[in-house]
Structures are given as C-alpha cells and as structure tokens.
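Asks: This is the content of my_file29.pdb (PDB, C-alpha atoms, pLDDT in the B column):
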ATOM      1  CA  PRO Y  15      -8.159 -97.264-161.327  1.00 44.00           C
ATOM      2  CA  THR Y  16      -4.743 -96.615-162.775  1.00 48.00           C
ATOM      3  CA  THR Y  17      -5.699 -95.642-166.310  1.00 55.00           C
ATOM      4  CA  GLY Y  18      -8.052 -93.151-167.905  1.00 59.00           C
ATOM      5  CA  GLY Y  19     -10.231 -93.146-171.015  1.00 71.00           C
ATOM      6  CA  LYS Y  20      -9.748 -94.285-174.558  1.00 80.00           C
ATOM      7  CA  LEU Y  21      -8.244 -91.154-176.149  1.00 89.00           C
ATOM      8  CA  SER Y  22      -4.520 -91.142-176.768  1.00 93.00           C
ATOM      9  CA  VAL Y  23      -2.543 -88.314-175.172  1.00 95.00           C
ATOM     10  CA  ALA Y  24      -2.213 -86.652-178.595  1.00 96.00           C
ATOM     11  CA  GLU Y  25      -5.976 -86.898-179.188  1.00 96.00           C
ATOM     12  CA  LEU Y  26      -6.689 -85.584-175.693  1.00 96.00           C
ATOM     13  CA  LYS Y  27      -4.318 -82.662-176.265  1.00 97.00           C
ATOM     14  CA  THR Y  28      -6.117 -81.797-179.501  1.00 97.00           C
ATOM     15  CA  GLN Y  29      -9.530 -82.031-177.869  1.00 97.00           C
ATOM     16  CA  LEU Y  30      -8.625 -80.062-174.716  1.00 98.00           C
ATOM     17  CA  THR Y  31      -6.802 -77.391-176.711  1.00 98.00           C
ATOM     18  CA  ALA Y  32      -9.884 -76.899-178.884  1.00 98.00           C
ATOM     19  CA  LEU Y  33     -12.250 -76.891-175.885  1.00 97.00           C
ATOM     20  CA  THR Y  34     -10.250 -74.278-173.994  1.00 98.00           C
ATOM     21  CA  ALA Y  35      -9.292 -72.045-176.933  1.00 97.00           C
ATOM     22  CA  ASP Y  36     -11.872 -69.403-175.981  1.00 94.00           C
ATOM     23  CA  MET Y  37     -12.096 -70.137-172.251  1.00 96.00           C
ATOM     24  CA  TRP Y  38     -10.759 -68.130-169.338  1.00 96.00           C
ATOM     25  CA  MET Y  39     -10.261 -69.336-165.779  1.00 96.00           C
ATOM     26  CA  PRO Y  40     -12.462 -67.231-163.501  1.00 92.00           C
ATOM     27  CA  SER Y  41     -10.704 -65.256-160.781  1.00 93.00           C
ATOM     28  CA  GLU Y  42      -9.630 -61.692-160.123  1.00 93.00           C
ATOM     29  CA  THR Y  43      -7.641 -61.877-163.362  1.00 92.00           C
ATOM     30  CA  ASP Y  44      -8.242 -63.705-166.583  1.00 88.00           C
ATOM     31  CA  ALA Y  45      -6.012 -66.640-167.405  1.00 97.00           C
ATOM     32  CA  LYS Y  46      -5.827 -68.880-170.450  1.00 98.00           C
ATOM     33  CA  PHE Y  47      -5.396 -72.651-170.404  1.00 98.00           C
ATOM     34  CA  GLU Y  48      -2.454 -74.699-171.689  1.00 98.00           C
ATOM     35  CA  PHE Y  49      -2.296 -78.475-172.164  1.00 98.00           C
ATOM     36  CA  VAL Y  50       0.481 -80.075-170.113  1.00 98.00           C
ATOM     37  CA  ASN Y  51       2.049 -83.533-170.212  1.00 98.00           C
ATOM     38  CA  GLY Y  52       4.337 -84.637-167.425  1.00 97.00           C
ATOM     39  CA  GLY Y  53       5.113 -88.051-168.808  1.00 96.00           C
ATOM     40  CA  GLN Y  54       4.781 -91.448-167.199  1.00 96.00           C
ATOM     41  CA  LEU Y  55       3.782 -91.608-163.533  1.00 95.00           C
ATOM     42  CA  ASN Y  56       4.782 -95.284-163.175  1.00 93.00           C
ATOM     43  CA  GLY Y  57       1.963 -95.807-160.684  1.00 91.00           C
ATOM     44  CA  ALA Y  58       2.856 -92.806-158.486  1.00 95.00           C
ATOM     45  CA  PRO Y  59      -0.072 -90.809-157.114  1.00 96.00           C
ATOM     46  CA  VAL Y  60      -1.370 -87.657-158.771  1.00 97.00           C
ATOM     47  CA  ASP Y  61      -0.306 -85.166-156.112  1.00 98.00           C
ATOM     48  CA  ALA Y  62       1.562 -81.906-155.562  1.00 98.00           C
ATOM     49  CA  ALA Y  63       4.940 -83.657-155.474  1.00 97.00           C
ATOM     50  CA  ALA Y  64       4.334 -85.338-158.850  1.00 97.00           C
ATOM     51  CA  VAL Y  65       3.218 -82.063-160.401  1.00 98.00           C
ATOM     52  CA  ARG Y  66       6.280 -80.236-159.082  1.00 97.00           C
ATOM     53  CA  ALA Y  67       8.608 -83.025-160.223  1.00 97.00           C
ATOM     54  CA  LYS Y  68       7.122 -83.474-163.692  1.00 98.00           C
ATOM     55  CA  LEU Y  69       5.582 -80.146-164.678  1.00 98.00           C
ATOM     56  CA  THR Y  70       7.895 -77.457-163.250  1.00 98.00           C
ATOM     57  CA  PRO Y  71       9.764 -76.833-166.546  1.00 97.00           C
ATOM     58  CA  VAL Y  72       6.586 -76.360-168.584  1.00 97.00           C
ATOM     59  CA  HIS Y  73       5.052 -74.227-165.827  1.00 98.00           C
ATOM     60  CA  ASP Y  74       8.045 -71.937-165.581  1.00 97.00           C
ATOM     61  CA  ALA Y  75       8.206 -71.510-169.365  1.00 96.00           C
ATOM     62  CA  THR Y  76       4.445 -71.050-169.840  1.00 96.00           C
ATOM     63  CA  ILE Y  77       2.742 -69.350-166.870  1.00 97.00           C
ATOM     64  CA  GLY Y  78       3.676 -65.857-168.036  1.00 95.00           C
ATOM     65  CA  SER Y  79       1.863 -66.417-171.342  1.00 95.00           C
ATOM     66  CA  LEU Y  80      -1.308 -67.567-169.569  1.00 97.00           C
ATOM     67  CA  MET Y  81      -1.685 -64.696-167.103  1.00 95.00           C
ATOM     68  CA  TYR Y  82       0.203 -61.674-165.881  1.00 93.00           C
ATOM     69  CA  VAL Y  83       3.032 -62.683-163.577  1.00 91.00           C
ATOM     70  CA  SER Y  84       5.422 -60.168-162.070  1.00 88.00           C
ATOM     71  CA  PRO Y  85       8.936 -60.571-163.457  1.00 86.00           C
ATOM     72  CA  GLY Y  86      10.840 -63.010-161.273  1.00 83.00           C
ATOM     73  CA  ASP Y  87       7.675 -64.722-159.971  1.00 87.00           C
ATOM     74  CA  GLU Y  88       7.390 -67.293-162.752  1.00 91.00           C
ATOM     75  CA  LYS Y  89       9.036 -70.161-160.889  1.00 96.00           C
ATOM     76  CA  LEU Y  90       6.825 -72.915-159.500  1.00 97.00           C
ATOM     77  CA  ALA Y  91       9.468 -73.611-156.858  1.00 95.00           C
ATOM     78  CA  GLY Y  92       8.673 -70.241-155.263  1.00 91.00           C
ATOM     79  CA  ARG Y  93       4.932 -70.866-155.046  1.00 94.00           C
ATOM     80  CA  SER Y  94       3.561 -72.225-151.795  1.00 93.00           C
ATOM     81  CA  PRO Y  95       1.483 -73.475-150.125  1.00 95.00           C
ATOM     82  CA  SER Y  96       0.061 -76.227-152.295  1.00 97.00           C
ATOM     83  CA  GLN Y  97      -3.537 -77.361-152.212  1.00 97.00           C
ATOM     84  CA  VAL Y  98      -4.898 -80.611-153.680  1.00 98.00           C
ATOM     85  CA  LEU Y  99      -8.617 -80.704-154.486  1.00 98.00           C
ATOM     86  CA  ASP Y 100     -10.988 -83.184-156.092  1.00 98.00           C
ATOM     87  CA  GLY Y 101     -11.061 -82.147-159.760  1.00 98.00           C
ATOM     88  CA  SER Y 102     -14.681 -83.096-160.432  1.00 97.00           C
ATOM     89  CA  GLN Y 103     -15.972 -81.227-157.395  1.00 98.00           C
ATOM     90  CA  TYR Y 104     -13.862 -78.156-158.202  1.00 98.00           C
ATOM     91  CA  LEU Y 105     -15.119 -77.977-161.779  1.00 98.00           C
ATOM     92  CA  GLN Y 106     -18.698 -78.581-160.637  1.00 98.00           C
ATOM     93  CA  ARG Y 107     -18.460 -75.524-158.350  1.00 97.00           C
ATOM     94  CA  LEU Y 108     -17.436 -73.416-161.363  1.00 96.00           C
ATOM     95  CA  ILE Y 109     -20.450 -74.752-163.262  1.00 97.00           C
ATOM     96  CA  ASP Y 110     -22.872 -74.268-160.369  1.00 97.00           C
ATOM     97  CA  ASN Y 111     -21.672 -70.696-159.827  1.00 95.00           C
ATOM     98  CA  ALA Y 112     -23.293 -69.536-163.086  1.00 95.00           C
ATOM     99  CA  ASP Y 113     -25.703 -66.622-162.883  1.00 96.00           C
ATOM    100  CA  PRO Y 114     -29.031 -67.917-164.263  1.00 96.00           C
ATOM    101  CA  ASN Y 115     -29.911 -64.403-165.452  1.00 97.00           C
ATOM    102  CA  ASP Y 116     -26.672 -63.846-167.383  1.00 97.00           C
ATOM    103  CA  PRO Y 117     -26.394 -65.534-170.799  1.00 96.00           C
ATOM    104  CA  ASP Y 118     -22.590 -65.115-170.827  1.00 95.00           C
ATOM    105  CA  SER Y 119     -22.318 -66.770-167.421  1.00 95.00           C
ATOM    106  CA  LEU Y 120     -24.504 -69.657-168.586  1.00 97.00           C
ATOM    107  CA  ALA Y 121     -22.371 -70.053-171.716  1.00 96.00           C
ATOM    108  CA  ARG Y 122     -19.201 -70.224-169.569  1.00 96.00           C
ATOM    109  CA  ALA Y 123     -20.864 -72.830-167.342  1.00 97.00           C
ATOM    110  CA  ALA Y 124     -21.696 -74.905-170.422  1.00 97.00           C
ATOM    111  CA  GLN Y 125     -18.053 -74.701-171.546  1.00 97.00           C
ATOM    112  CA  PHE Y 126     -16.881 -75.870-168.128  1.00 98.00           C
ATOM    113  CA  GLN Y 127     -19.449 -78.705-168.187  1.00 98.00           C
ATOM    114  CA  THR Y 128     -18.033 -79.916-171.512  1.00 98.00           C
ATOM    115  CA  LEU Y 129     -14.499 -79.618-170.154  1.00 98.00           C
ATOM    116  CA  LYS Y 130     -15.421 -81.515-166.982  1.00 98.00           C
ATOM    117  CA  SER Y 131     -17.108 -84.297-168.965  1.00 97.00           C
ATOM    118  CA  THR Y 132     -14.108 -84.643-171.287  1.00 96.00           C
ATOM    119  CA  LEU Y 133     -11.628 -84.770-168.403  1.00 97.00           C
ATOM    120  CA  GLU Y 134     -13.718 -87.275-166.421  1.00 96.00           C
ATOM    121  CA  ALA Y 135     -14.105 -89.518-169.483  1.00 95.00           C
ATOM    122  CA  ASN Y 136     -10.375 -89.595-170.196  1.00 95.00           C
ATOM    123  CA  LEU Y 137      -8.496 -89.195-166.912  1.00 96.00           C
ATOM    124  CA  THR Y 138      -8.536 -91.034-163.631  1.00 94.00           C
ATOM    125  CA  ASP Y 139      -7.404 -89.480-160.355  1.00 96.00           C
ATOM    126  CA  LEU Y 140      -8.651 -86.079-161.594  1.00 97.00           C
ATOM    127  CA  LYS Y 141      -7.259 -83.380-159.305  1.00 98.00           C
ATOM    128  CA  VAL Y 142      -6.945 -79.629-159.138  1.00 98.00           C
ATOM    129  CA  ILE Y 143      -3.574 -78.810-157.628  1.00 98.00           C
ATOM    130  CA  ARG Y 144      -2.947 -75.172-156.782  1.00 98.00           C
ATOM    131  CA  PHE Y 145       0.343 -73.558-155.829  1.00 97.00           C
ATOM    132  CA  GLY Y 146       0.593 -70.139-154.207  1.00 95.00           C
ATOM    133  CA  GLY Y 147      -1.496 -67.858-152.052  1.00 90.00           C
ATOM    134  CA  VAL Y 148      -2.434 -64.802-154.149  1.00 92.00           C
ATOM    135  CA  ASN Y 149      -0.962 -65.500-157.588  1.00 93.00           C
ATOM    136  CA  ILE Y 150      -1.947 -69.132-157.932  1.00 96.00           C
ATOM    137  CA  SER Y 151      -0.731 -71.655-160.478  1.00 97.00           C
ATOM    138  CA  THR Y 152      -3.628 -74.035-161.069  1.00 98.00           C
ATOM    139  CA  PHE Y 153      -3.185 -77.488-162.582  1.00 98.00           C
ATOM    140  CA  ILE Y 154      -6.220 -79.561-163.572  1.00 98.00           C
ATOM    141  CA  VAL Y 155      -4.568 -82.939-164.031  1.00 98.00           C
ATOM    142  CA  GLY Y 156      -5.064 -86.667-163.914  1.00 97.00           C
ATOM    143  CA  ARG Y 157      -3.775 -89.976-165.199  1.00 95.00           C
ATOM    144  CA  ALA Y 158      -4.263 -90.751-168.917  1.00 94.00           C
ATOM    145  CA  ALA Y 159      -4.925 -94.246-170.257  1.00 90.00           C
ATOM    146  CA  THR Y 160      -1.172 -94.529-170.863  1.00 91.00           C
ATOM    147  CA  GLY Y 161      -0.399 -93.788-167.203  1.00 93.00           C
ATOM    148  CA  GLU Y 162       0.930 -90.311-168.037  1.00 96.00           C
ATOM    149  CA  LEU Y 163       0.298 -87.181-165.955  1.00 97.00           C
ATOM    150  CA  VAL Y 164      -1.667 -84.849-168.252  1.00 98.00           C
ATOM    151  CA  GLY Y 165      -4.122 -81.992-168.052  1.00 98.00           C
ATOM    152  CA  LEU Y 166      -4.273 -78.231-168.096  1.00 98.00           C
ATOM    153  CA  LEU Y 167      -2.298 -75.392-166.558  1.00 98.00           C
ATOM    154  CA  THR Y 168      -3.960 -72.068-165.830  1.00 98.00           C
ATOM    155  CA  GLY Y 169      -3.712 -69.390-163.180  1.00 97.00           C
ATOM    156  CA  GLN Y 170      -5.800 -67.477-160.694  1.00 97.00           C
ATOM    157  CA  VAL Y 171      -5.464 -64.383-158.537  1.00 95.00           C
ATOM    158  CA  GLU Y 172      -7.227 -64.396-155.171  1.00 93.00           C
ATOM    159  CA  THR Y 173      -6.762 -61.508-152.749  1.00 89.00           C
TER     160      THR Y 173
END
How does the structure come out when it is put into structure tokens?
Replies:
Amino acid sequence: PTTGGKLSVAELKTQLTALTADMWMPSETDAKFEFVNGGQLNGAPVDAAAVRAKLTPVHDATIGSLMYVSPGDEKLAGRSPSQVLDGSQYLQRLIDNADPNDPDSLARAAQFQTLKSTLEANLTDLKVIRFGGVNISTFIVGRAATGELVGLLTGQVET
C-alpha cells in the first residue's frame, strides 16, 4: 500500500505528541520523542536514503534536545552505519521486554502498545531506521495517508 490511515498529518502529530509526552526511549540513556514530517515521498520507498534526504535538517536541529549529544556530534551526516528494521516488530520487542513483576515496566509496555497501534493504524511502510553505532539516532517512520514521510525521532545509546 502507498497510503496510511485516516488521520491527517496534523491530527497524527497531535495524537503522537500527546502519546509520547511522558515516554522515554529505552536504552543506556533516556531520550524523548519528537514528531517529524519529511514531506511528500512521491512514491519513493521509506528507507535510510529518504530519511537522510528529508529529515536531516530537523534531526540536526532537534537531536540535542531529545538526548545528550556531545557538541559537534549533532549532524546526521556523521552518523553511520544505518540500519533499517521492521517498525512493528521493533516496537513489539519493546513491549515484550516488559518485566511482569515491575508495574513501571508494564506501564511502559502499555504506552508502547498504544504507540504501536496508533502508528500501524495510520502509517504504511512502518520502519525503524537507526543511524550510528553507539550514539544512535532512531527514526520510527512511515508513509501517511497523504504520502508524506512522518513519524518520530528519538535516540539511543548502546555500548
């Protein structure tokens, strides 16, 4: 399919911003989420090249407000390698990783389940595209009903 769900990009932004307001991306550091819109894909695939071409400016301006980034390391152009993953499977692993004996962990899993359901209902070609090896820029993106590249930017640290 080339188009996503029924929400407009503005409605999706409002919904995703509200859903992620109190969420943190799990990793060795905490990172917030930011809605991103890369504009029209014109039928191009949702891949690392599209993300670099359409979302580099917002990444470079935003990543430092989402997680700690060493000065001078904000640029997406300097982050490699890239990794493209199935978005639904990636989010499901975050959900399944919940500790059944930890109420906070179960609450986080429930938040990620709601996020996953919202993204799957409104985006096609849902992908997680990661750039970098230790300090990782993580995009959870897909194609909106309008054909635009939209989703979330966050970060992770993996040593």
Asks: Need the shell around Val142 (chain Y): protein/DNA/RNA residues with any atom at most 7 Å away, counting only C-alpha atoms. Skip same-chain ones fewer than 4 positions apart. Format as a VMD selection string?
Replies: chain Y and resid 98 to 101 152 to 155
Asks: With C-alpha atoms retained, could you export that selection as a PDB file, keeping the file's coordinate frame?
Replies:
ATOM      1  CA  VAL Y  98      -4.898 -80.611-153.680  1.00 98.00           C
ATOM      2  CA  LEU Y  99      -8.617 -80.704-154.486  1.00 98.00           C
ATOM      3  CA  ASP Y 100     -10.988 -83.184-156.092  1.00 98.00           C
ATOM      4  CA  GLY Y 101     -11.061 -82.147-159.760  1.00 98.00           C
ATOM      5  CA  THR Y 152      -3.628 -74.035-161.069  1.00 98.00           C
ATOM      6  CA  PHE Y 153      -3.185 -77.488-162.582  1.00 98.00           C
ATOM      7  CA  ILE Y 154      -6.220 -79.561-163.572  1.00 98.00           C
ATOM      8  CA  VAL Y 155      -4.568 -82.939-164.031  1.00 98.00           C
TER       9      VAL Y 155
END
Asks: Which residue, Y:Ala91, Y:Ala121, Y:Met81, Y:Ala158, has the smallest gap to Thr138 (chain Y) when you use only C-alpha atoms?
Replies: Y:Ala158
Asks: Between Y:Tyr104, Y:Ala63, Y:Leu21, Y:Gly57, which is the closest to Phe126 (chain Y) once you count all atoms listed in the file?
Replies: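 Residue with the minimum atom-to-atom distance to Phe126 (chain Y): Y:Tyr104.
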Asks: I want to know what sits within 10 Å of Arg144 (chain Y), based on all atoms listed in the file, with residues of the same chain fewer than 3 positions away left out; could you give that as an mmCIF file with C-alpha atoms, in the coordinates of the input?
Replies:
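Saved the output as out-v4.cif:
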data_model
loop_
_atom_site.group_PDB
_atom_site.id
_atom_site.type_symbol
_atom_site.label_atom_id
_atom_site.label_comp_id
_atom_site.auth_asym_id
_atom_site.auth_seq_id
_atom_site.Cartn_x
_atom_site.Cartn_y
_atom_site.Cartn_z
ATOM 1 C CA ALA Y 62 1.562 -81.906 -155.562
ATOM 2 C CA VAL Y 65 3.218 -82.063 -160.401
ATOM 3 C CA ARG Y 93 4.932 -70.866 -155.046
ATOM 4 C CA SER Y 94 3.561 -72.225 -151.795
ATOM 5 C CA PRO Y 95 1.483 -73.475 -150.125
ATOM 6 C CA SER Y 96 0.061 -76.227 -152.295
ATOM 7 C CA GLN Y 97 -3.537 -77.361 -152.212
ATOM 8 C CA VAL Y 98 -4.898 -80.611 -153.680
ATOM 9 C CA LEU Y 99 -8.617 -80.704 -154.486
ATOM 10 C CA LYS Y 141 -7.259 -83.380 -159.305
ATOM 11 C CA GLY Y 147 -1.496 -67.858 -152.052
ATOM 12 C CA ASN Y 149 -0.962 -65.500 -157.588
ATOM 13 C CA ILE Y 150 -1.947 -69.132 -157.932
ATOM 14 C CA SER Y 151 -0.731 -71.655 -160.478
ATOM 15 C CA THR Y 152 -3.628 -74.035 -161.069
ATOM 16 C CA PHE Y 153 -3.185 -77.488 -162.582
ATOM 17 C CA ILE Y 154 -6.220 -79.561 -163.572
ATOM 18 C CA LEU Y 167 -2.298 -75.392 -166.558
ATOM 19 C CA THR Y 168 -3.960 -72.068 -165.830
ATOM 20 C CA GLY Y 169 -3.712 -69.390 -163.180
ATOM 21 C CA GLN Y 170 -5.800 -67.477 -160.694
#
Asks: Using all atoms listed in the file, which residue out of Y:Asn51, Y:Asp74, Y:Thr173, Y:Pro59 lies closest to Gly86 (chain Y)?
Replies: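 Residue with the minimum atom-to-atom distance to Gly86 (chain Y): Y:Asp74.
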Asks: Which residue, Y:Thr76, Y:Thr43, Y:Ser84, Y:Ser119, has the smallest gap to Leu166 (chain Y) when you use all atoms listed in the file?
Replies: Y:Thr76
Asks: Once the PyMOL selection byres ((chain Y and resi 35) around 12) is applied to the coordinates I shared, what remains selected? I want it as an NGL selection string.
Replies: :Y and (27-34 or 36-39 or 45-49 or 80 or 125 or 129 or 166)
Asks: Counting all atoms listed in the file, figure out which residue out of Y:Gly161, Y:Asp139, Y:Arg107, Y:Val148 gets nearest to Val60 (chain Y).
Replies: Y:Asp139
Asks: Please list as a VMD selection string every residue within 12 Å of Ala135 (chain Y), counting all atoms listed in the file and excluding residues in the same chain fewer than 6 positions away.
Replies: chain Y and resid 17 to 21 26 102 128 to 129 156 to 159
Asks: Using all atoms listed in the file, which of the listed residues (Y:Arg122, Y:Val83, Y:Pro117, Y:Leu69) sits closest to Val171 (chain Y)?
Replies: Y:Val83
Asks: Kindly provide, as JSON, the centre and edge lengths (Å, one decimal) of an axis-aligned box around all atoms of region 80-92 of chain Y given in the file, with 5 Å on each side.
Replies:
{"center_x": 4.6, "center_y": -66.9, "center_z": -162.4, "size_x": 22.5, "size_y": 23.4, "size_z": 24.3}
Asks: Work out how far apart CA of Ala67 (chain Y) and CA of Leu55 (chain Y) are and give it in Å to one decimal.
Replies: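 About the pair CA of Ala67 (chain Y) and CA of Leu55 (chain Y): they are 10.4 Å apart.
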Asks: Would you work out the distance separating CA of Leu120 (chain Y) from CA of Tyr82 (chain Y), expressed in Å to one decimal?
Replies: 26.1 Å
Asks: Is there a way to complete region 43-65 of chain Y with N, CA and C atoms and then write that out as a compact mmCIF listing (two decimals), in the coordinates of the input?
Replies:
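This is the output file part22.txt:
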# COMPACT_ATOMS: atom_id res chain seq x y z
N THR Y 43 -8.29 -62.17 -162.08
CA THR Y 43 -7.64 -61.88 -163.36
C THR Y 43 -8.05 -62.97 -164.33
N ASP Y 44 -7.95 -62.68 -165.59
CA ASP Y 44 -8.24 -63.70 -166.58
C ASP Y 44 -6.98 -64.49 -166.89
N ALA Y 45 -7.15 -65.79 -167.06
CA ALA Y 45 -6.01 -66.64 -167.40
C ALA Y 45 -6.45 -67.65 -168.45
N LYS Y 46 -5.59 -67.88 -169.42
CA LYS Y 46 -5.83 -68.88 -170.45
C LYS Y 46 -5.48 -70.26 -169.91
N PHE Y 47 -5.71 -71.27 -170.73
CA PHE Y 47 -5.40 -72.65 -170.40
C PHE Y 47 -4.33 -73.17 -171.37
N GLU Y 48 -3.48 -74.07 -170.86
CA GLU Y 48 -2.45 -74.70 -171.69
C GLU Y 48 -2.41 -76.19 -171.35
N PHE Y 49 -2.44 -77.04 -172.37
CA PHE Y 49 -2.30 -78.47 -172.16
C PHE Y 49 -0.90 -78.78 -171.63
N VAL Y 50 -0.81 -79.67 -170.66
CA VAL Y 50 0.48 -80.08 -170.11
C VAL Y 50 0.57 -81.60 -170.07
N ASN Y 51 1.78 -82.10 -170.28
CA ASN Y 51 2.05 -83.53 -170.21
C ASN Y 51 3.33 -83.73 -169.41
N GLY Y 52 3.19 -84.41 -168.29
CA GLY Y 52 4.34 -84.64 -167.42
C GLY Y 52 5.00 -85.98 -167.62
N GLY Y 53 4.51 -86.75 -168.57
CA GLY Y 53 5.11 -88.05 -168.81
C GLY Y 53 4.59 -89.12 -167.86
N GLN Y 54 5.21 -90.25 -167.92
CA GLN Y 54 4.78 -91.45 -167.20
C GLN Y 54 4.87 -91.26 -165.68
N LEU Y 55 3.80 -91.65 -165.00
CA LEU Y 55 3.78 -91.61 -163.53
C LEU Y 55 4.30 -92.90 -162.91
N ASN Y 56 4.32 -93.98 -163.68
CA ASN Y 56 4.78 -95.28 -163.18
C ASN Y 56 4.08 -95.68 -161.88
N GLY Y 57 2.76 -95.41 -161.84
CA GLY Y 57 1.96 -95.81 -160.68
C GLY Y 57 1.98 -94.84 -159.52
N ALA Y 58 2.80 -93.79 -159.58
CA ALA Y 58 2.86 -92.81 -158.49
C ALA Y 58 1.52 -92.05 -158.41
N PRO Y 59 1.19 -91.54 -157.25
CA PRO Y 59 -0.07 -90.81 -157.11
C PRO Y 59 -0.04 -89.47 -157.86
N VAL Y 60 -1.22 -89.00 -158.22
CA VAL Y 60 -1.37 -87.66 -158.77
C VAL Y 60 -1.46 -86.73 -157.57
N ASP Y 61 -0.35 -86.04 -157.28
CA ASP Y 61 -0.31 -85.17 -156.11
C ASP Y 61 0.62 -83.99 -156.39
N ALA Y 62 0.75 -83.12 -155.40
CA ALA Y 62 1.56 -81.91 -155.56
C ALA Y 62 3.02 -82.25 -155.86
N ALA Y 63 3.55 -83.28 -155.24
CA ALA Y 63 4.94 -83.66 -155.47
C ALA Y 63 5.15 -84.11 -156.92
N ALA Y 64 4.22 -84.88 -157.45
CA ALA Y 64 4.33 -85.34 -158.85
C ALA Y 64 4.25 -84.16 -159.81
N VAL Y 65 3.34 -83.23 -159.53
CA VAL Y 65 3.22 -82.06 -160.40
C VAL Y 65 4.50 -81.24 -160.36
